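> Here it is, the structure, as structure tokens.
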Amino acid sequence: MPDIYLPIIFIILLLHYAYFLIGILTGLKRLEYNNVPKTNNEFISIIIPFRNESDNILKSLKSIEGLNYPKDKFEVIYVNDSSDDDSFQKISTINKSGNIKVLSVPDNFSANAHKKRAVRFGIENSKGSIIFTTDADCVHQSDWLANMMNCFDENTGFVSGPVEFYDGKTKWENIQKLEFAGLVLAGAGLIGKNRPIICNAANIAYRKKAFEVVNGFNDNMSLSSGDDEFLMQKIWKETSYKVKFCMNRDAVVKTDTNKTVGQFYNQRKRWASKGLFYTDKLLVFKLILIFFFYAGLFAMPFLAAFVSIKYLLIFVVSILVKYSLEYKIVSTGSRLLFSNDMLKNFYLAEILQVPYIIIAGISGLFGNFTWKERKVKR
């Protein structure tokens, strides 16, 4: 490739990524802080799939039973997804509210779909017109359900809620907290821009009717992940329902960070593995361009050292643009949802982000990972 073309490619990738980040920032500023209570008489079903959550299942139950919402207006369905520890026994035998039940997915029920089969089994056994899904390793604030429901009107089909990692005891855990907040804020900004792409199944809600209209998970039951993003994208694209983000601190769901690098790697690999299966091929192309932008950040210092010093200039400009826009996104979102304390780890997190995006992106192409003591194929 002639030497003039590669710098131009790097500049185009930078401009594309800057445009992407500006879109997220613009979308964040469009989101309304939702704190106006609404009267909503629709019945709610909260689906909580779990597998091997012995350490977390009773903490989840305690937070669910502490919800400040009329018990006659919602039910909770814990769905056991082939646990081989004592989590099913713990949640089944403990005394709990009458609106909480525990089910187990039959072995022959969509065996390869894993979490999605548990969610679908829960939905098929639910009574609610509004479906909430969350995870068994999450803890919810008392007004979580009420604040998420404040986002619903008759034209709303899907609501994505905020998720946050707990403060960690180590630098590694606090870097994860910041990085995860960035992902949540990116998803929020894209929804604010009316271009929903990413969300987190630890805190989402949708109309059962919308789920049925787009045939739920039927077109991606062979994939082990995607019970959140694929569904959100389909409801946005294939129906007239609105997709919203719940911009409210009291709707934040909290969960633990990954304790090891291996757990973090497998989680991010699992998330990356579904990107190529988005039905919007233009979106897939844009995500590939972002991946190549990150690959370029890794390559440019070597090109500057061995080919031409001009690559160093492009690298410096790229880093400055990336850092400034991403800092603005995280600081804006932290002010609205999270804590500004996490920003103290920003620059270290930025340095680590480049290699992890490249590694997770490449590894995700192969689609095999370990999650919840289960070896999973995409």
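In the structure tokens, chains take letters A, B, ... by order of appearance, with residues numbered from 1 within each chain and ligands from 1 in the order shown.
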Within 7 Å of segment 239-250 of chain A, counting only C-alpha atoms, which residues show up once you throw out same-chain ones fewer than 4 positions away? Write them as a PyMOL selection string, please.
chain A and resi 31-35+141+143-144+147-148+151+155-162+188+191+235+337
> Identify, with DSSP run on backbone atoms, the residues in segment 103-313 of chain A assigned to strand (DSSP E or B), and express the list as a PyMOL selection string.
chain A and resi 103-104+130-133+138-140+156-160+163-165+204-207+242-245+247+253-255
> Would you mind telling me which residue in A:Asn174, A:Asn52, A:Asn40, A:Ser97 lies nearest to Asp341 of chain A when using only C-alpha atoms?
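Smallest separation from Asp341 of chain A among the options: A:Asn174.
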> What lies within 9 Å of Ala181 of chain A using only C-alpha atoms, ignoring chain neighbours under 5 positions off, as an MDAnalysis selection string?
chainID A and resid 162:165 176 186 330 333:334 338
> Tell me, as an MDAnalysis selection string, which residues lie within 6 Å of Leu28 of chain A, counting only C-alpha atoms; anything in the same chain fewer than 3 positions away does not count.
chainID A and resid 25 31 189 192
> Nearest residue to Arg195 of chain A out of A:Thr332, A:Gly27, A:Leu15, A:Pro301, using only C-alpha atoms?
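Using only C-alpha atoms, the shortest distance to Arg195 of chain A belongs to A:Gly27.
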> Write out as a tab-separated table the residues of segment 14-66 of chain A that have any atom within 10 Å of an atom of segment 75-85 of chain A, one row each with the nearest atom pair and its distance in Å to one decimal, counting only C-alpha atoms, sorted by chain and then rising number.

```
residue	atom	partner	partner_atom	distance
A:Phe43	CA	A:Glu75	CA	8.1
A:Ile44	CA	A:Glu75	CA	6.4
A:Ser45	CA	A:Glu75	CA	5.0
A:Ile46	CA	A:Val76	CA	4.7
A:Ile47	CA	A:Ile77	CA	5.0
A:Ile48	CA	A:Tyr78	CA	4.7
A:Pro49	CA	A:Val79	CA	4.5
A:Phe50	CA	A:Asn80	CA	5.2
A:Arg51	CA	A:Ser83	CA	4.6
A:Asn52	CA	A:Ser83	CA	4.9
A:Glu53	CA	A:Asp85	CA	7.8
A:Ser54	CA	A:Asp85	CA	6.7
A:Ile57	CA	A:Tyr78	CA	9.5
A:Leu61	CA	A:Tyr78	CA	9.3
A:Ile64	CA	A:Val76	CA	8.3
A:Glu65	CA	A:Val76	CA	9.5
```
> Please list as JSON, numbers by chain every residue within 12 Å of Asn95 of chain A, counting only C-alpha atoms and excluding residues in the same chain fewer than 5 positions away.
{"A": [58, 61, 62, 65, 89, 90, 100, 101, 102]}
> Could those selected residues go to a file with C-alpha atoms, as a short mmCIF file (atom, residue, chain, number, x, y, z; two decimals), in the first residue's frame?

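Below you can see again.cif, which holds the result:
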```
data_model
loop_
_atom_site.label_atom_id
_atom_site.label_comp_id
_atom_site.auth_asym_id
_atom_site.auth_seq_id
_atom_site.Cartn_x
_atom_site.Cartn_y
_atom_site.Cartn_z
CA LEU A 58 -30.47 -14.68 49.03
CA LEU A 61 -34.18 -12.06 47.28
CA LYS A 62 -33.71 -9.60 50.15
CA GLU A 65 -38.59 -8.24 48.83
CA GLN A 89 -32.34 -25.31 47.14
CA LYS A 90 -31.65 -22.05 48.99
CA ILE A 100 -42.44 -14.83 44.47
CA LYS A 101 -42.10 -18.26 42.86
CA VAL A 102 -39.22 -20.46 41.74
#
```
> Considering only C-alpha atoms, can you say which of A:Ile204, A:Ile358, A:Ile8, A:Leu303 comes closest to Val253 of chain A?
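When distances to Val253 of chain A are compared using only C-alpha atoms, the smallest one comes from A:Ile204.
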> Near Lys269 of chain A, within 6 Å and counting only C-alpha atoms, which residues show up once chain neighbours fewer than 3 positions away are dropped, as a short mmCIF file (atom, residue, chain, number, x, y, z; two decimals) with C-alpha atoms, in the first residue's frame?

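Everything below was put into part-v7.cif:
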```cif
data_model
loop_
_atom_site.label_atom_id
_atom_site.label_comp_id
_atom_site.auth_asym_id
_atom_site.auth_seq_id
_atom_site.Cartn_x
_atom_site.Cartn_y
_atom_site.Cartn_z
CA TYR A 265 -11.87 -11.65 29.66
CA ASN A 266 -14.62 -14.24 29.31
CA ALA A 272 -18.13 -9.20 21.74
CA ALA A 360 -11.77 -9.20 23.15
CA GLY A 364 -15.16 -12.89 20.22
#
```
> Within 10 Å of Val213 of chain A, counting only C-alpha atoms, which residues qualify if same-chain residues fewer than 3 places away don't, as a ChimeraX atom specification?
/A:207-210,216,234-235,238-239
> Next, write the just-selected residues to a file, as a JSON list (two decimals), in the first residue's frame, keeping C-alpha atoms as the atom set.

```
[["chain", "number", "residue", "atom", "x", "y", "z"],
["A", 207, "ARG", "CA", -43.95, -4.98, 26.96],
["A", 208, "LYS", "CA", -44.82, -8.63, 26.59],
["A", 209, "LYS", "CA", -46.85, -7.62, 23.53],
["A", 210, "ALA", "CA", -43.74, -6.08, 21.93],
["A", 216, "GLY", "CA", -38.97, -12.80, 21.07],
["A", 234, "LYS", "CA", -35.81, -5.55, 17.02],
["A", 235, "ILE", "CA", -38.45, -3.67, 19.01],
["A", 238, "GLU", "CA", -39.76, -3.63, 13.69],
["A", 239, "THR", "CA", -42.43, -1.91, 15.78]]
```
> Compare A:Ile11, A:Cys199, A:Met149, A:Ile24 by their minimum atom-to-atom distance to Leu325 of chain A, counting only C-alpha atoms, and give me the closest one.
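Closest candidate: A:Ile24.
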> If you run DSSP on the backbone here, which positions in segment 72-305 of chain A get helix (DSSP H, G or I)? Please write them as a PyMOL selection string.
chain A and resi 72-73+87-93+115-124+144-149+171-192+201-203+208-213+218-220+229-238+249-251+261-272+275-277+281-305
> If you keep C-alpha atoms, can you produce a file of those selected residues as an mmCIF file, in the first residue's frame?

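What landed in part.cif:
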```cif
data_model
loop_
_atom_site.group_PDB
_atom_site.id
_atom_site.type_symbol
_atom_site.label_atom_id
_atom_site.label_comp_id
_atom_site.auth_asym_id
_atom_site.auth_seq_id
_atom_site.Cartn_x
_atom_site.Cartn_y
_atom_site.Cartn_z
ATOM 1 C CA ASP A 72 -50.472 -7.107 44.268
ATOM 2 C CA LYS A 73 -49.141 -5.351 41.157
ATOM 3 C CA SER A 87 -28.660 -22.012 44.861
ATOM 4 C CA PHE A 88 -31.928 -23.644 43.750
ATOM 5 C CA GLN A 89 -32.342 -25.314 47.144
ATOM 6 C CA LYS A 90 -31.648 -22.053 48.985
ATOM 7 C CA ILE A 91 -34.201 -19.986 47.075
ATOM 8 C CA SER A 92 -36.797 -22.774 47.040
ATOM 9 C CA THR A 93 -36.799 -23.571 50.754
ATOM 10 C CA LYS A 115 -29.870 -17.808 29.722
ATOM 11 C CA LYS A 116 -32.337 -16.953 26.957
ATOM 12 C CA ARG A 117 -34.178 -20.209 27.482
ATOM 13 C CA ALA A 118 -34.528 -19.384 31.175
ATOM 14 C CA VAL A 119 -35.910 -15.927 30.383
ATOM 15 C CA ARG A 120 -38.294 -17.307 27.781
ATOM 16 C CA PHE A 121 -39.484 -20.064 30.131
ATOM 17 C CA GLY A 122 -40.143 -17.409 32.754
ATOM 18 C CA ILE A 123 -42.095 -15.272 30.285
ATOM 19 C CA GLU A 124 -44.182 -18.246 29.197
ATOM 20 C CA TRP A 144 -36.058 0.689 41.366
ATOM 21 C CA LEU A 145 -39.288 -0.803 40.043
ATOM 22 C CA ALA A 146 -41.308 2.391 40.497
ATOM 23 C CA ASN A 147 -38.729 4.551 38.717
ATOM 24 C CA MET A 148 -38.384 2.164 35.793
ATOM 25 C CA MET A 149 -42.173 2.032 35.468
ATOM 26 C CA LYS A 171 -7.388 -0.593 41.595
ATOM 27 C CA TRP A 172 -8.372 -3.365 39.159
ATOM 28 C CA GLU A 173 -11.959 -3.444 40.439
ATOM 29 C CA ASN A 174 -12.302 0.343 40.310
ATOM 30 C CA ILE A 175 -10.995 0.437 36.743
ATOM 31 C CA GLN A 176 -13.686 -2.117 35.832
ATOM 32 C CA LYS A 177 -16.285 0.100 37.520
ATOM 33 C CA LEU A 178 -15.271 3.047 35.343
ATOM 34 C CA GLU A 179 -15.046 1.019 32.134
ATOM 35 C CA PHE A 180 -18.457 -0.543 32.764
ATOM 36 C CA ALA A 181 -19.991 2.866 33.481
ATOM 37 C CA GLY A 182 -18.651 4.005 30.110
ATOM 38 C CA LEU A 183 -20.461 1.141 28.371
ATOM 39 C CA VAL A 184 -23.719 1.928 30.171
ATOM 40 C CA LEU A 185 -23.436 5.614 29.272
ATOM 41 C CA ALA A 186 -22.653 4.773 25.653
ATOM 42 C CA GLY A 187 -25.828 2.701 25.500
ATOM 43 C CA ALA A 188 -27.810 5.520 27.129
ATOM 44 C CA GLY A 189 -26.460 8.128 24.721
ATOM 45 C CA LEU A 190 -27.240 5.989 21.698
ATOM 46 C CA ILE A 191 -30.809 5.548 22.934
ATOM 47 C CA GLY A 192 -31.024 9.313 23.463
ATOM 48 C CA ALA A 201 -29.970 -7.460 30.738
ATOM 49 C CA ALA A 202 -29.342 -6.805 34.435
ATOM 50 C CA ASN A 203 -31.817 -3.934 34.148
ATOM 51 C CA LYS A 208 -44.820 -8.634 26.588
ATOM 52 C CA LYS A 209 -46.846 -7.616 23.530
ATOM 53 C CA ALA A 210 -43.741 -6.080 21.932
ATOM 54 C CA PHE A 211 -41.769 -9.230 22.756
ATOM 55 C CA GLU A 212 -44.426 -11.330 21.020
ATOM 56 C CA VAL A 213 -44.718 -9.024 17.992
ATOM 57 C CA ASN A 218 -36.794 -17.050 18.091
ATOM 58 C CA ASP A 219 -34.286 -15.868 15.495
ATOM 59 C CA ASN A 220 -31.282 -16.031 17.836
ATOM 60 C CA GLU A 229 -29.518 -6.085 22.721
ATOM 61 C CA PHE A 230 -31.071 -8.182 19.948
ATOM 62 C CA LEU A 231 -34.512 -7.756 21.501
ATOM 63 C CA MET A 232 -34.125 -4.002 21.998
ATOM 64 C CA GLN A 233 -32.914 -3.505 18.439
ATOM 65 C CA LYS A 234 -35.811 -5.554 17.021
ATOM 66 C CA ILE A 235 -38.447 -3.667 19.011
ATOM 67 C CA TRP A 236 -36.957 -0.363 17.836
ATOM 68 C CA LYS A 237 -36.684 -1.456 14.212
ATOM 69 C CA GLU A 238 -39.758 -3.631 13.694
ATOM 70 C CA ARG A 249 -30.052 7.432 40.066
ATOM 71 C CA ASP A 250 -32.736 5.578 42.018
ATOM 72 C CA ALA A 251 -33.142 3.114 39.140
ATOM 73 C CA VAL A 261 -8.742 -11.127 34.772
ATOM 74 C CA GLY A 262 -9.985 -14.459 33.413
ATOM 75 C CA GLN A 263 -13.577 -13.685 34.415
ATOM 76 C CA PHE A 264 -13.313 -10.218 32.879
ATOM 77 C CA TYR A 265 -11.870 -11.647 29.665
ATOM 78 C CA ASN A 266 -14.623 -14.239 29.314
ATOM 79 C CA GLN A 267 -17.340 -11.668 30.019
ATOM 80 C CA ARG A 268 -16.064 -9.223 27.411
ATOM 81 C CA LYS A 269 -15.433 -12.039 24.935
ATOM 82 C CA ARG A 270 -19.024 -13.178 25.443
ATOM 83 C CA TRP A 271 -20.320 -9.665 24.818
ATOM 84 C CA ALA A 272 -18.134 -9.199 21.737
ATOM 85 C CA GLY A 275 -21.709 -8.143 17.496
ATOM 86 C CA LEU A 276 -21.372 -9.815 14.109
ATOM 87 C CA PHE A 277 -24.926 -11.185 14.451
ATOM 88 C CA LYS A 281 -25.264 -4.799 8.566
ATOM 89 C CA LEU A 282 -24.470 -1.084 8.363
ATOM 90 C CA LEU A 283 -24.183 -1.121 12.147
ATOM 91 C CA VAL A 284 -21.867 -4.129 11.959
ATOM 92 C CA PHE A 285 -19.714 -2.244 9.440
ATOM 93 C CA LYS A 286 -19.534 0.803 11.746
ATOM 94 C CA LEU A 287 -18.482 -1.390 14.675
ATOM 95 C CA ILE A 288 -15.775 -2.957 12.514
ATOM 96 C CA LEU A 289 -14.490 0.542 11.704
ATOM 97 C CA ILE A 290 -14.309 1.296 15.435
ATOM 98 C CA PHE A 291 -12.357 -1.915 15.992
ATOM 99 C CA PHE A 292 -9.888 -0.889 13.273
ATOM 100 C CA PHE A 293 -9.551 2.529 14.907
ATOM 101 C CA TYR A 294 -8.397 0.779 18.083
ATOM 102 C CA ALA A 295 -6.111 -1.504 16.088
ATOM 103 C CA GLY A 296 -4.646 1.612 14.484
ATOM 104 C CA LEU A 297 -3.904 3.114 17.905
ATOM 105 C CA PHE A 298 -1.903 0.000 18.695
ATOM 106 C CA ALA A 299 -0.079 -0.005 15.352
ATOM 107 C CA MET A 300 0.784 3.671 14.942
ATOM 108 C CA PRO A 301 3.601 3.889 17.521
ATOM 109 C CA PHE A 302 5.386 1.038 15.735
ATOM 110 C CA LEU A 303 4.819 2.682 12.348
ATOM 111 C CA ALA A 304 6.208 5.936 13.765
ATOM 112 C CA ALA A 305 9.318 4.120 15.006
#
```
